[in-house]
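What follows is one structure encoded as structure tokens, with my remarks underneath.
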Amino acid sequence: MPSLMSVHSIRNPGKRVQPIKQRQKVLSHAEKQSRALAAAQNKINSEALHKQVRKANLYNAYVHDLFEKEIAAGGHKTLRELQEEVKARMEDAGVSHVKDLISDEEIVRLRGELKDATELKRVGIRATNKVAAMDSYQTMKNMAEGAMNLFERVGVREDSSLPHCFDSDGALDFCLEVLGFSKVDLLRMFEAWNCVHDRGGHNSNDVNALCKKIVKLIEDSLRKTVKDKNAKMSYKN
């Protein structure tokens, strides 16, 4: 039914649309009010609101401790082998939970170490420049793919947040000092230009094609500013 279609799907009739897996029942005003009241009561009475932050999984903490000890001893057991070892220990002891294998003090220690290891993996500084570069590349690649996929799904063009850029010190001052407008204005101009030229093809949503368009826009503006049709931008620091 047209009334249930998104604006993006109506504007792009040639693109594939994800099917609706479950038809929603049209509720009356009384049913809506009844459900809203029930939801509010469930939130008020929910024990989850009064519990502490979820603790680290004890099984994962136990396996993590075995893995760290294996590395310290110079061993080569895989994660799967260690998991099988834990399973064998539980069967030999006739227990169904890891907590029955260790003391309460050990449980606290293992959970604390797993929490520290998780935090270190999340925000810890990379040890070498190569690893840091690989981390940055993969993270930015995932962000770019996520943004592209989001646009394909919902057609987002307007965003309340300003675009962000990563640059070497002072590099983006070129936009204001030479071209006469800020980096944010440059991105807005490119967005408007891209909306006009976008035809919905594969290349229009390719990251490499996007980079080429940005380079072309900058060089066109540079040549117009310096009045030299052969001028080229140098990106060396």
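Chain identifiers are assigned as A, B, and so on, following the order in which chains appear in the structure tokens; residues are numbered from 1 within each chain, and ligands are numbered from 1 in order of appearance.
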
Neighbouring residues of region 176-183 of chain A were defined as those with any atom within 8 Å, considering only C-alpha atoms; residues of the same chain fewer than 4 positions away were excluded. Please report them as a list in words.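 Close residues of region 176-183 of chain A: Leu172, Leu187, Ser221, Leu222 and Thr225 of chain A.
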
Considering only C-alpha atoms, return as a list in words whatever protein or nucleic-acid residues lie within 7 Å of Glu219 (chain A), sequence-local ones (same chain, fewer than 4 positions apart) excluded. Val215, Arg223, Lys232 and Met233 of chain A

Polymer residues at most 7 Å from region 62-69 of chain A, only C-alpha atoms, same-chain spacing of 4 or more positions, as a CSV table (one decimal) with C-alpha atoms, in the first residue's frame:
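Just written: result_8.csv:
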```csv
chain,number,residue,atom,x,y,z
A,58,LEU,CA,32.1,-16.1,33.9
A,73,ALA,CA,53.8,-20.9,29.4
A,82,LEU,CA,40.8,-24.7,25.6
A,83,GLN,CA,37.0,-24.7,25.4
A,110,LEU,CA,38.6,-13.7,36.7
A,114,LEU,CA,38.4,-10.1,31.6
```

Nearest-residue call for Ala192 (chain A), choices A:Leu217, A:Ala117, A:Ser136, A:Asn12, using only C-alpha atoms: A:Leu217

Could you check how far CA of Lys99 (chain A) sits from CA of Val86 (chain A), in Å to one decimal?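 Answer for the CA of Lys99 (chain A) to CA of Val86 (chain A) separation: 11.8 Å.
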
Identify which of the residues A:Asp104, A:Ile214, A:Ala30, A:Tyr59 lies closest to Met90 (chain A), counting only C-alpha atoms when measuring atom-to-atom distances.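 Result for the nearest residue to Met90 (chain A): A:Tyr59.
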